[in-house]
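Asks: Hey, dropping query-v4.cif in here, mmCIF, N, CA and C atoms and all ligand atoms:
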data_coords
#
loop_
_atom_site.label_atom_id
_atom_site.label_comp_id
_atom_site.auth_asym_id
_atom_site.auth_seq_id
_atom_site.Cartn_x
_atom_site.Cartn_y
_atom_site.Cartn_z
N MET A 168 15.34 31.68 -1.82
CA MET A 168 16.15 30.61 -2.41
C MET A 168 15.28 29.43 -2.84
N LYS A 169 15.67 28.79 -3.96
CA LYS A 169 14.89 27.64 -4.46
C LYS A 169 14.98 26.47 -3.48
N LYS A 170 13.85 25.78 -3.29
CA LYS A 170 13.84 24.60 -2.42
C LYS A 170 14.46 23.42 -3.16
N SER A 171 15.12 22.56 -2.41
CA SER A 171 15.70 21.38 -3.06
C SER A 171 14.96 20.12 -2.64
N PHE A 172 14.74 19.24 -3.63
CA PHE A 172 13.98 18.02 -3.40
C PHE A 172 14.81 16.81 -3.83
N ALA A 173 14.59 15.68 -3.15
CA ALA A 173 15.15 14.41 -3.62
C ALA A 173 13.99 13.44 -3.71
N VAL A 174 13.92 12.72 -4.83
CA VAL A 174 12.86 11.72 -5.01
C VAL A 174 13.53 10.35 -5.07
N ILE A 175 13.16 9.47 -4.14
CA ILE A 175 13.74 8.13 -4.07
C ILE A 175 12.75 7.14 -4.66
N GLY A 176 13.12 6.48 -5.74
CA GLY A 176 12.21 5.56 -6.43
C GLY A 176 11.58 6.27 -7.61
N LEU A 177 12.02 5.91 -8.82
CA LEU A 177 11.53 6.60 -10.01
C LEU A 177 10.59 5.71 -10.82
N GLY A 178 9.61 5.13 -10.13
CA GLY A 178 8.54 4.38 -10.81
C GLY A 178 7.54 5.38 -11.37
N ARG A 179 6.30 4.92 -11.61
CA ARG A 179 5.30 5.85 -12.17
C ARG A 179 5.01 6.99 -11.21
N PHE A 180 4.86 6.68 -9.92
CA PHE A 180 4.54 7.71 -8.92
C PHE A 180 5.72 8.66 -8.69
N GLY A 181 6.87 8.09 -8.31
CA GLY A 181 8.05 8.92 -8.05
C GLY A 181 8.50 9.66 -9.30
N GLY A 182 8.39 8.98 -10.44
CA GLY A 182 8.80 9.61 -11.70
C GLY A 182 7.94 10.81 -12.02
N SER A 183 6.65 10.69 -11.76
CA SER A 183 5.74 11.80 -12.04
C SER A 183 6.02 12.97 -11.09
N ILE A 184 6.34 12.68 -9.84
CA ILE A 184 6.69 13.75 -8.89
C ILE A 184 7.97 14.43 -9.35
N CYS A 185 8.94 13.61 -9.74
CA CYS A 185 10.25 14.12 -10.18
C CYS A 185 10.06 15.05 -11.40
N GLN A 186 9.28 14.59 -12.36
CA GLN A 186 9.07 15.36 -13.58
C GLN A 186 8.31 16.66 -13.30
N THR A 187 7.27 16.57 -12.49
CA THR A 187 6.45 17.76 -12.23
C THR A 187 7.25 18.82 -11.46
N LEU A 188 7.99 18.39 -10.44
CA LEU A 188 8.80 19.35 -9.68
C LEU A 188 9.86 19.98 -10.59
N SER A 189 10.43 19.18 -11.47
CA SER A 189 11.45 19.70 -12.39
C SER A 189 10.82 20.73 -13.33
N GLU A 190 9.62 20.42 -13.85
CA GLU A 190 8.93 21.35 -14.75
C GLU A 190 8.57 22.65 -14.04
N GLU A 191 8.39 22.55 -12.71
CA GLU A 191 8.08 23.76 -11.91
C GLU A 191 9.36 24.56 -11.63
N GLY A 192 10.48 24.07 -12.14
CA GLY A 192 11.74 24.80 -11.98
C GLY A 192 12.47 24.51 -10.68
N MET A 193 12.07 23.44 -9.99
CA MET A 193 12.71 23.10 -8.71
C MET A 193 14.00 22.31 -8.97
N GLU A 194 14.84 22.35 -7.94
CA GLU A 194 16.07 21.57 -7.94
C GLU A 194 15.70 20.16 -7.47
N VAL A 195 15.87 19.15 -8.34
CA VAL A 195 15.44 17.80 -7.98
C VAL A 195 16.55 16.77 -8.23
N LEU A 196 16.80 15.98 -7.20
CA LEU A 196 17.71 14.85 -7.35
C LEU A 196 16.86 13.58 -7.38
N GLY A 197 16.98 12.80 -8.44
CA GLY A 197 16.26 11.53 -8.54
C GLY A 197 17.22 10.39 -8.19
N ILE A 198 16.74 9.44 -7.39
CA ILE A 198 17.59 8.30 -6.98
C ILE A 198 16.82 7.01 -7.21
N ASP A 199 17.47 6.03 -7.82
CA ASP A 199 16.83 4.72 -7.98
C ASP A 199 17.92 3.65 -8.02
N ILE A 200 17.57 2.47 -7.59
CA ILE A 200 18.50 1.35 -7.59
C ILE A 200 18.67 0.80 -9.02
N ASN A 201 17.70 1.13 -9.87
CA ASN A 201 17.64 0.60 -11.23
C ASN A 201 18.23 1.62 -12.22
N GLU A 202 19.30 1.21 -12.89
CA GLU A 202 20.03 2.14 -13.76
C GLU A 202 19.18 2.64 -14.93
N GLU A 203 18.33 1.75 -15.47
CA GLU A 203 17.47 2.15 -16.60
C GLU A 203 16.56 3.31 -16.21
N ARG A 204 15.97 3.18 -15.01
CA ARG A 204 15.06 4.24 -14.53
C ARG A 204 15.83 5.55 -14.37
N VAL A 205 17.06 5.44 -13.86
CA VAL A 205 17.87 6.63 -13.64
C VAL A 205 18.19 7.30 -14.98
N ASN A 206 18.53 6.48 -15.98
CA ASN A 206 18.84 7.04 -17.31
C ASN A 206 17.63 7.77 -17.88
N GLN A 207 16.46 7.20 -17.62
CA GLN A 207 15.21 7.79 -18.12
C GLN A 207 14.99 9.21 -17.57
N TYR A 208 15.48 9.45 -16.34
CA TYR A 208 15.23 10.75 -15.70
C TYR A 208 16.45 11.67 -15.70
N SER A 209 17.54 11.22 -16.32
CA SER A 209 18.77 12.01 -16.24
C SER A 209 18.65 13.35 -16.98
N MET A 210 17.77 13.40 -18.00
CA MET A 210 17.60 14.66 -18.74
C MET A 210 16.45 15.49 -18.15
N ILE A 211 15.69 14.90 -17.25
CA ILE A 211 14.51 15.59 -16.70
C ILE A 211 14.85 16.25 -15.36
N ALA A 212 15.45 15.45 -14.46
CA ALA A 212 15.81 15.98 -13.14
C ALA A 212 17.11 16.77 -13.21
N SER A 213 17.38 17.58 -12.18
CA SER A 213 18.65 18.32 -12.13
C SER A 213 19.80 17.31 -12.08
N HIS A 214 19.63 16.26 -11.30
CA HIS A 214 20.61 15.17 -11.20
C HIS A 214 19.84 13.86 -11.02
N ALA A 215 20.40 12.78 -11.52
CA ALA A 215 19.79 11.47 -11.29
C ALA A 215 20.93 10.49 -11.04
N VAL A 216 20.81 9.72 -9.95
CA VAL A 216 21.89 8.81 -9.59
C VAL A 216 21.37 7.42 -9.25
N VAL A 217 22.23 6.42 -9.48
CA VAL A 217 21.91 5.05 -9.12
C VAL A 217 22.37 4.83 -7.68
N GLY A 218 21.48 4.27 -6.85
CA GLY A 218 21.90 3.99 -5.47
C GLY A 218 20.84 3.20 -4.73
N ASP A 219 21.31 2.39 -3.79
CA ASP A 219 20.41 1.65 -2.91
C ASP A 219 20.26 2.47 -1.63
N THR A 220 19.09 3.03 -1.44
CA THR A 220 18.90 3.97 -0.32
C THR A 220 18.70 3.28 1.03
N THR A 221 18.75 1.93 1.03
CA THR A 221 18.72 1.24 2.33
C THR A 221 20.14 1.21 2.91
N ASP A 222 21.09 1.71 2.14
CA ASP A 222 22.48 1.80 2.59
C ASP A 222 22.73 3.23 3.09
N GLU A 223 22.91 3.37 4.38
CA GLU A 223 23.09 4.68 5.00
C GLU A 223 24.22 5.48 4.34
N ASN A 224 25.29 4.78 3.97
CA ASN A 224 26.45 5.47 3.39
C ASN A 224 26.13 6.10 2.04
N VAL A 225 25.24 5.44 1.29
CA VAL A 225 24.82 6.00 -0.01
C VAL A 225 24.11 7.34 0.23
N LEU A 226 23.19 7.34 1.18
CA LEU A 226 22.43 8.58 1.47
C LEU A 226 23.35 9.66 2.03
N LYS A 227 24.28 9.26 2.88
CA LYS A 227 25.22 10.24 3.45
C LYS A 227 26.07 10.86 2.36
N SER A 228 26.56 10.00 1.44
CA SER A 228 27.47 10.51 0.40
C SER A 228 26.74 11.43 -0.58
N LEU A 229 25.42 11.31 -0.65
CA LEU A 229 24.64 12.21 -1.51
C LEU A 229 24.30 13.52 -0.78
N GLY A 230 24.69 13.60 0.47
CA GLY A 230 24.41 14.79 1.28
C GLY A 230 22.92 14.99 1.46
N ILE A 231 22.21 13.88 1.67
CA ILE A 231 20.74 13.92 1.68
C ILE A 231 20.19 14.84 2.76
N ARG A 232 20.90 15.02 3.84
CA ARG A 232 20.33 15.85 4.92
C ARG A 232 20.27 17.34 4.56
N ASN A 233 20.94 17.70 3.47
CA ASN A 233 20.89 19.11 3.05
C ASN A 233 19.68 19.42 2.18
N PHE A 234 18.92 18.39 1.79
CA PHE A 234 17.73 18.64 0.96
C PHE A 234 16.58 19.11 1.84
N ASP A 235 15.77 20.01 1.29
CA ASP A 235 14.65 20.55 2.07
C ASP A 235 13.55 19.52 2.24
N HIS A 236 13.38 18.67 1.23
CA HIS A 236 12.23 17.74 1.26
C HIS A 236 12.61 16.48 0.49
N VAL A 237 12.43 15.33 1.12
CA VAL A 237 12.73 14.07 0.45
C VAL A 237 11.44 13.25 0.32
N ILE A 238 11.20 12.74 -0.88
CA ILE A 238 10.00 11.94 -1.15
C ILE A 238 10.43 10.49 -1.33
N VAL A 239 9.90 9.60 -0.49
CA VAL A 239 10.20 8.17 -0.60
C VAL A 239 9.08 7.53 -1.41
N ALA A 240 9.39 7.19 -2.66
CA ALA A 240 8.37 6.67 -3.57
C ALA A 240 8.61 5.20 -3.91
N ILE A 241 9.23 4.49 -2.96
CA ILE A 241 9.41 3.04 -3.13
C ILE A 241 8.11 2.40 -2.65
N GLY A 242 7.53 1.52 -3.45
CA GLY A 242 6.23 0.96 -3.07
C GLY A 242 6.28 -0.51 -2.72
N ASP A 243 6.54 -1.34 -3.70
CA ASP A 243 6.42 -2.79 -3.52
C ASP A 243 7.34 -3.35 -2.44
N ASP A 244 8.56 -2.85 -2.41
CA ASP A 244 9.51 -3.33 -1.41
C ASP A 244 9.30 -2.55 -0.11
N ILE A 245 8.35 -3.01 0.68
CA ILE A 245 7.96 -2.29 1.90
C ILE A 245 9.12 -2.17 2.88
N GLN A 246 9.91 -3.24 2.95
CA GLN A 246 11.07 -3.23 3.84
C GLN A 246 12.05 -2.10 3.45
N ALA A 247 12.30 -1.97 2.15
CA ALA A 247 13.23 -0.93 1.67
C ALA A 247 12.64 0.46 1.93
N SER A 248 11.33 0.59 1.77
CA SER A 248 10.68 1.88 2.01
C SER A 248 10.82 2.28 3.48
N ILE A 249 10.59 1.33 4.38
CA ILE A 249 10.65 1.61 5.82
C ILE A 249 12.09 1.92 6.25
N LEU A 250 13.01 1.10 5.79
CA LEU A 250 14.41 1.31 6.18
C LEU A 250 14.93 2.64 5.65
N THR A 251 14.61 2.96 4.41
CA THR A 251 15.03 4.24 3.82
C THR A 251 14.47 5.41 4.64
N THR A 252 13.19 5.34 4.98
CA THR A 252 12.56 6.43 5.74
C THR A 252 13.22 6.58 7.11
N LEU A 253 13.50 5.45 7.73
CA LEU A 253 14.14 5.46 9.05
C LEU A 253 15.53 6.12 8.99
N ILE A 254 16.31 5.77 7.98
CA ILE A 254 17.65 6.34 7.85
C ILE A 254 17.55 7.86 7.59
N LEU A 255 16.61 8.24 6.72
CA LEU A 255 16.43 9.68 6.42
C LEU A 255 16.12 10.45 7.70
N LYS A 256 15.27 9.84 8.52
CA LYS A 256 14.87 10.47 9.78
C LYS A 256 16.09 10.60 10.71
N GLU A 257 16.85 9.51 10.80
CA GLU A 257 18.04 9.50 11.67
C GLU A 257 19.09 10.51 11.20
N LEU A 258 19.16 10.72 9.89
CA LEU A 258 20.13 11.67 9.36
C LEU A 258 19.66 13.12 9.51
N GLY A 259 18.41 13.29 9.93
CA GLY A 259 17.90 14.64 10.23
C GLY A 259 17.32 15.39 9.04
N VAL A 260 16.79 14.65 8.05
CA VAL A 260 16.16 15.32 6.90
C VAL A 260 14.96 16.15 7.39
N ALA A 261 14.86 17.37 6.88
CA ALA A 261 13.85 18.32 7.39
C ALA A 261 12.42 17.85 7.16
N ARG A 262 12.13 17.40 5.95
CA ARG A 262 10.75 16.99 5.65
C ARG A 262 10.74 15.73 4.78
N ILE A 263 9.96 14.75 5.23
CA ILE A 263 9.89 13.47 4.50
C ILE A 263 8.43 13.18 4.14
N THR A 264 8.20 12.92 2.85
CA THR A 264 6.90 12.43 2.40
C THR A 264 7.13 11.00 1.95
N ALA A 265 6.28 10.07 2.40
CA ALA A 265 6.49 8.67 2.03
C ALA A 265 5.20 8.07 1.48
N LYS A 266 5.38 7.24 0.46
CA LYS A 266 4.23 6.58 -0.17
C LYS A 266 3.97 5.25 0.54
N ALA A 267 2.69 5.04 0.92
CA ALA A 267 2.32 3.79 1.57
C ALA A 267 1.60 2.87 0.59
N GLN A 268 1.88 1.59 0.72
CA GLN A 268 1.27 0.58 -0.15
C GLN A 268 -0.06 0.11 0.42
N ASN A 269 -0.17 0.14 1.76
CA ASN A 269 -1.41 -0.27 2.42
C ASN A 269 -1.46 0.40 3.81
N ASP A 270 -2.55 0.16 4.54
CA ASP A 270 -2.74 0.84 5.82
C ASP A 270 -1.65 0.52 6.84
N TYR A 271 -1.23 -0.75 6.90
CA TYR A 271 -0.18 -1.14 7.87
C TYR A 271 1.13 -0.44 7.55
N HIS A 272 1.46 -0.43 6.28
CA HIS A 272 2.68 0.24 5.84
C HIS A 272 2.60 1.73 6.23
N GLY A 273 1.45 2.33 6.00
CA GLY A 273 1.24 3.75 6.32
C GLY A 273 1.43 4.02 7.80
N LYS A 274 0.91 3.14 8.63
CA LYS A 274 1.01 3.29 10.08
C LYS A 274 2.47 3.28 10.53
N VAL A 275 3.23 2.32 9.98
CA VAL A 275 4.64 2.20 10.36
C VAL A 275 5.41 3.46 9.90
N LEU A 276 5.14 3.90 8.69
CA LEU A 276 5.84 5.09 8.17
C LEU A 276 5.58 6.30 9.07
N GLN A 277 4.35 6.42 9.51
CA GLN A 277 3.99 7.53 10.40
C GLN A 277 4.73 7.41 11.74
N LYS A 278 4.73 6.19 12.30
CA LYS A 278 5.37 5.93 13.59
C LYS A 278 6.87 6.23 13.57
N ILE A 279 7.53 5.95 12.44
CA ILE A 279 8.97 6.18 12.42
C ILE A 279 9.32 7.62 12.03
N GLY A 280 8.30 8.43 11.81
CA GLY A 280 8.55 9.87 11.70
C GLY A 280 8.39 10.50 10.33
N ALA A 281 7.75 9.80 9.36
CA ALA A 281 7.47 10.47 8.08
C ALA A 281 6.53 11.64 8.38
N ASP A 282 6.80 12.81 7.80
CA ASP A 282 5.97 13.99 8.07
C ASP A 282 4.64 13.90 7.33
N GLN A 283 4.67 13.25 6.18
CA GLN A 283 3.45 13.11 5.38
C GLN A 283 3.44 11.71 4.79
N VAL A 284 2.33 11.00 4.97
CA VAL A 284 2.21 9.66 4.37
C VAL A 284 1.09 9.74 3.35
N VAL A 285 1.39 9.30 2.12
CA VAL A 285 0.36 9.37 1.08
C VAL A 285 0.03 7.97 0.58
N HIS A 286 -1.24 7.81 0.22
CA HIS A 286 -1.76 6.54 -0.31
C HIS A 286 -2.30 6.86 -1.70
N PRO A 287 -1.44 6.99 -2.70
CA PRO A 287 -1.88 7.53 -4.00
C PRO A 287 -3.03 6.77 -4.64
N GLU A 288 -2.99 5.45 -4.61
CA GLU A 288 -4.05 4.71 -5.31
C GLU A 288 -5.39 4.86 -4.60
N ARG A 289 -5.34 4.73 -3.26
CA ARG A 289 -6.58 4.87 -2.48
C ARG A 289 -7.16 6.28 -2.65
N ASP A 290 -6.28 7.29 -2.52
CA ASP A 290 -6.75 8.68 -2.57
C ASP A 290 -7.25 9.05 -3.97
N MET A 291 -6.58 8.55 -4.99
CA MET A 291 -7.03 8.85 -6.36
C MET A 291 -8.36 8.17 -6.63
N GLY A 292 -8.54 6.96 -6.10
CA GLY A 292 -9.82 6.25 -6.23
C GLY A 292 -10.95 7.07 -5.62
N LYS A 293 -10.68 7.62 -4.41
CA LYS A 293 -11.69 8.44 -3.72
C LYS A 293 -12.03 9.68 -4.54
N ARG A 294 -10.98 10.34 -5.04
CA ARG A 294 -11.20 11.57 -5.82
C ARG A 294 -12.04 11.30 -7.05
N ILE A 295 -11.70 10.21 -7.73
CA ILE A 295 -12.42 9.88 -8.96
C ILE A 295 -13.87 9.51 -8.63
N ALA A 296 -14.06 8.75 -7.54
CA ALA A 296 -15.42 8.37 -7.15
C ALA A 296 -16.25 9.60 -6.80
N ASN A 297 -15.63 10.55 -6.05
CA ASN A 297 -16.35 11.79 -5.70
C ASN A 297 -16.72 12.57 -6.96
N ASN A 298 -15.77 12.58 -7.89
CA ASN A 298 -15.98 13.28 -9.14
C ASN A 298 -17.13 12.66 -9.94
N ILE A 299 -17.13 11.32 -9.99
CA ILE A 299 -18.19 10.60 -10.71
C ILE A 299 -19.54 10.88 -10.04
N ALA A 300 -19.54 10.83 -8.67
CA ALA A 300 -20.79 11.04 -7.94
C ALA A 300 -21.32 12.45 -8.18
N SER A 301 -20.42 13.48 -8.12
CA SER A 301 -20.93 14.84 -8.30
C SER A 301 -21.36 15.08 -9.74
N ASN A 302 -20.70 14.47 -10.70
CA ASN A 302 -21.13 14.61 -12.10
C ASN A 302 -22.47 13.93 -12.33
N SER A 303 -22.71 12.80 -11.63
CA SER A 303 -23.97 12.10 -11.86
C SER A 303 -25.13 12.87 -11.24
N VAL A 304 -24.85 13.67 -10.18
CA VAL A 304 -25.90 14.53 -9.61
C VAL A 304 -26.26 15.60 -10.65
N LEU A 305 -25.22 16.18 -11.26
CA LEU A 305 -25.46 17.23 -12.26
C LEU A 305 -26.19 16.70 -13.49
N ASP A 306 -26.01 15.39 -13.78
CA ASP A 306 -26.62 14.79 -14.96
C ASP A 306 -28.15 14.75 -14.86
N TYR A 307 -28.66 14.71 -13.59
CA TYR A 307 -30.12 14.57 -13.45
C TYR A 307 -30.86 15.86 -13.70
P1 LIG B 401 5.07 2.68 -9.30
O1 LIG B 401 3.99 1.96 -8.55
O2 LIG B 401 5.34 4.06 -8.77
O3 LIG B 401 4.96 2.62 -10.76
P2 LIG B 401 6.85 0.43 -9.52
O4 LIG B 401 5.68 -0.50 -9.44
O5 LIG B 401 7.63 0.54 -10.77
O6 LIG B 401 6.43 1.89 -8.99
P3 LIG B 401 7.97 0.13 -6.91
O7 LIG B 401 8.27 -1.19 -6.32
O8 LIG B 401 6.83 0.89 -6.34
O9 LIG B 401 7.91 -0.01 -8.48
O10 LIG B 401 9.30 0.96 -6.75
C1 LIG B 401 9.44 2.24 -7.26
C2 LIG B 401 10.89 2.46 -7.62
O11 LIG B 401 11.71 2.32 -6.45
C3 LIG B 401 11.44 1.44 -8.65
O12 LIG B 401 11.92 2.14 -9.78
C4 LIG B 401 12.55 0.71 -7.88
O13 LIG B 401 13.67 0.40 -8.72
C5 LIG B 401 12.93 1.73 -6.80
N1 LIG B 401 13.56 1.10 -5.64
C6 LIG B 401 13.18 -0.05 -5.02
N2 LIG B 401 14.01 -0.34 -4.00
C7 LIG B 401 14.93 0.66 -3.95
C8 LIG B 401 16.06 0.95 -3.11
N3 LIG B 401 16.39 0.13 -2.10
N4 LIG B 401 16.79 2.06 -3.36
C9 LIG B 401 16.44 2.90 -4.38
N5 LIG B 401 15.41 2.68 -5.20
C10 LIG B 401 14.65 1.59 -5.00
#
Can you turn what I pasted into structure tokens?
Ligand code: ATP

Replies:
Amino acid sequence: MKKSFAVIGLGRFGGSICQTLSEEGMEVLGIDINEERVNQYSMIASHAVVGDTTDENVLKSLGIRNFDHVIVAIGDDIQASILTTLILKELGVARITAKAQNDYHGKVLQKIGADQVVHPERDMGKRIANNIASNSVLDY
């Protein structure tokens, strides 16, 4: 059976995850508090809805606990990211990946039970630096 995903926060990071999973043929629900962002993804994701995920009732009404994997891609609003992750955990979501804005944010996300915490900017910086370093070795 196809796995189902929900992506919360359709900024550049969440939007890219939403689009890539959709292109891979996965069932994806995109959620954002911003209607414009939701409209942008309504033709890309299987479903896209407007909602504030810090409201437990919003997540419950979307049947979020039935999704196999939920990605929390809210960045700047650290409070909203933490509260959303906490509610997802309390509702019994099977797998949660959460984006951290900094090390402290990452630590809290891990403590409250995110299964995977990602630091996209830091990790991409490392990858690019490693790539530059290995290419410069080959250049000599
Ligand atoms: P990115 O860095 O991925 O480009 P961004 O800078 O546009 O993202 P962020 O603050 O990281 O913005 O938030 C990502 C998305 O999360 C935004 O589209 C924002 O509307 C959404 N978002 C923020 N708070 C909530 C919330 N409480 N419920 C649902 N979506 C939210």

Asks: Any idea what the distance is between atom CA of A:Val260 and atom CA of A:Ser248?

Replies: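 Distance between the two atoms: 15.3 Å.
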
Asks: List all protein, DNA and RNA residues that have at least one atom no more than 5 Å from any atom of ligand LIG 401 (chain B), counting all atoms listed in the file, and write them as JSON, numbers by chain.

Replies: {"A": [176, 177, 178, 179, 180, 181, 198, 199, 200, 201, 218, 219, 220, 221, 240, 241, 242, 243, 244]}

Asks: Atom CA of A:Met193 and atom N of A:Ile254, how far apart in Å?

Replies: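 These two atoms are separated by 24.3 Å.
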
Asks: So, counting all atoms listed in the file, which residue among A:Ile249, A:Val275, A:Val284, A:Val237 is closest to A:Ala261?

Replies: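 Ranked by minimum distance to A:Ala261, first place goes to A:Val237.
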
Asks: Take the point (1.7, 6.8, 5.7) in the file's coordinates, draw a sphere of radius 7 Å around it, and report as a PDB file with N, CA and C atoms, in the frame of the given file every protein, DNA or RNA residue with an atom inside or on it, counting only N, CA and C atoms.

Replies:
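Generated file (point12.pdb):
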ATOM      1  N   ALA A 265       6.280  10.070   2.400  1.00  0.00           N
ATOM      2  CA  ALA A 265       6.490   8.670   2.030  1.00  0.00           C
ATOM      3  C   ALA A 265       5.200   8.070   1.480  1.00  0.00           C
ATOM      4  N   LYS A 266       5.380   7.240   0.460  1.00  0.00           N
ATOM      5  CA  LYS A 266       4.230   6.580  -0.170  1.00  0.00           C
ATOM      6  C   LYS A 266       3.970   5.250   0.540  1.00  0.00           C
ATOM      7  N   ALA A 267       2.690   5.040   0.920  1.00  0.00           N
ATOM      8  CA  ALA A 267       2.320   3.790   1.570  1.00  0.00           C
ATOM      9  C   ALA A 267       1.600   2.870   0.590  1.00  0.00           C
ATOM     10  N   HIS A 272       1.460  -0.430   6.280  1.00  0.00           N
ATOM     11  CA  HIS A 272       2.680   0.240   5.840  1.00  0.00           C
ATOM     12  C   HIS A 272       2.600   1.730   6.230  1.00  0.00           C
ATOM     13  N   GLY A 273       1.450   2.330   6.000  1.00  0.00           N
ATOM     14  CA  GLY A 273       1.240   3.750   6.320  1.00  0.00           C
ATOM     15  C   GLY A 273       1.430   4.020   7.800  1.00  0.00           C
ATOM     16  N   LYS A 274       0.910   3.140   8.630  1.00  0.00           N
ATOM     17  CA  LYS A 274       1.010   3.290  10.080  1.00  0.00           C
ATOM     18  C   LYS A 274       2.470   3.280  10.530  1.00  0.00           C
ATOM     19  N   VAL A 275       3.230   2.320   9.980  1.00  0.00           N
ATOM     20  CA  VAL A 275       4.640   2.200  10.360  1.00  0.00           C
ATOM     21  C   VAL A 275       5.410   3.460   9.900  1.00  0.00           C
ATOM     22  N   LEU A 276       5.140   3.900   8.690  1.00  0.00           N
ATOM     23  CA  LEU A 276       5.840   5.090   8.170  1.00  0.00           C
ATOM     24  C   LEU A 276       5.580   6.300   9.070  1.00  0.00           C
ATOM     25  N   GLN A 277       4.350   6.420   9.510  1.00  0.00           N
ATOM     26  CA  GLN A 277       3.990   7.530  10.400  1.00  0.00           C
ATOM     27  C   GLN A 277       4.730   7.410  11.740  1.00  0.00           C
ATOM     28  N   GLN A 283       4.670  13.250   6.180  1.00  0.00           N
ATOM     29  CA  GLN A 283       3.450  13.110   5.380  1.00  0.00           C
ATOM     30  C   GLN A 283       3.440  11.710   4.790  1.00  0.00           C
ATOM     31  N   VAL A 284       2.330  11.000   4.970  1.00  0.00           N
ATOM     32  CA  VAL A 284       2.210   9.660   4.370  1.00  0.00           C
ATOM     33  C   VAL A 284       1.090   9.740   3.350  1.00  0.00           C
ATOM     34  N   VAL A 285       1.390   9.300   2.120  1.00  0.00           N
ATOM     35  CA  VAL A 285       0.360   9.370   1.080  1.00  0.00           C
ATOM     36  C   VAL A 285       0.030   7.970   0.580  1.00  0.00           C
ATOM     37  N   HIS A 286      -1.240   7.810   0.220  1.00  0.00           N
ATOM     38  CA  HIS A 286      -1.760   6.540  -0.310  1.00  0.00           C
ATOM     39  C   HIS A 286      -2.300   6.860  -1.700  1.00  0.00           C
TER      40      HIS A 286
END

Asks: I'd like to know which residues of chain A are strand (DSSP E) (by DSSP, run on the backbone); could you write them as an MDAnalysis selection string?

Replies: chainID A and resid 171:175 194:199 214:217 236:239 263:266 283:285
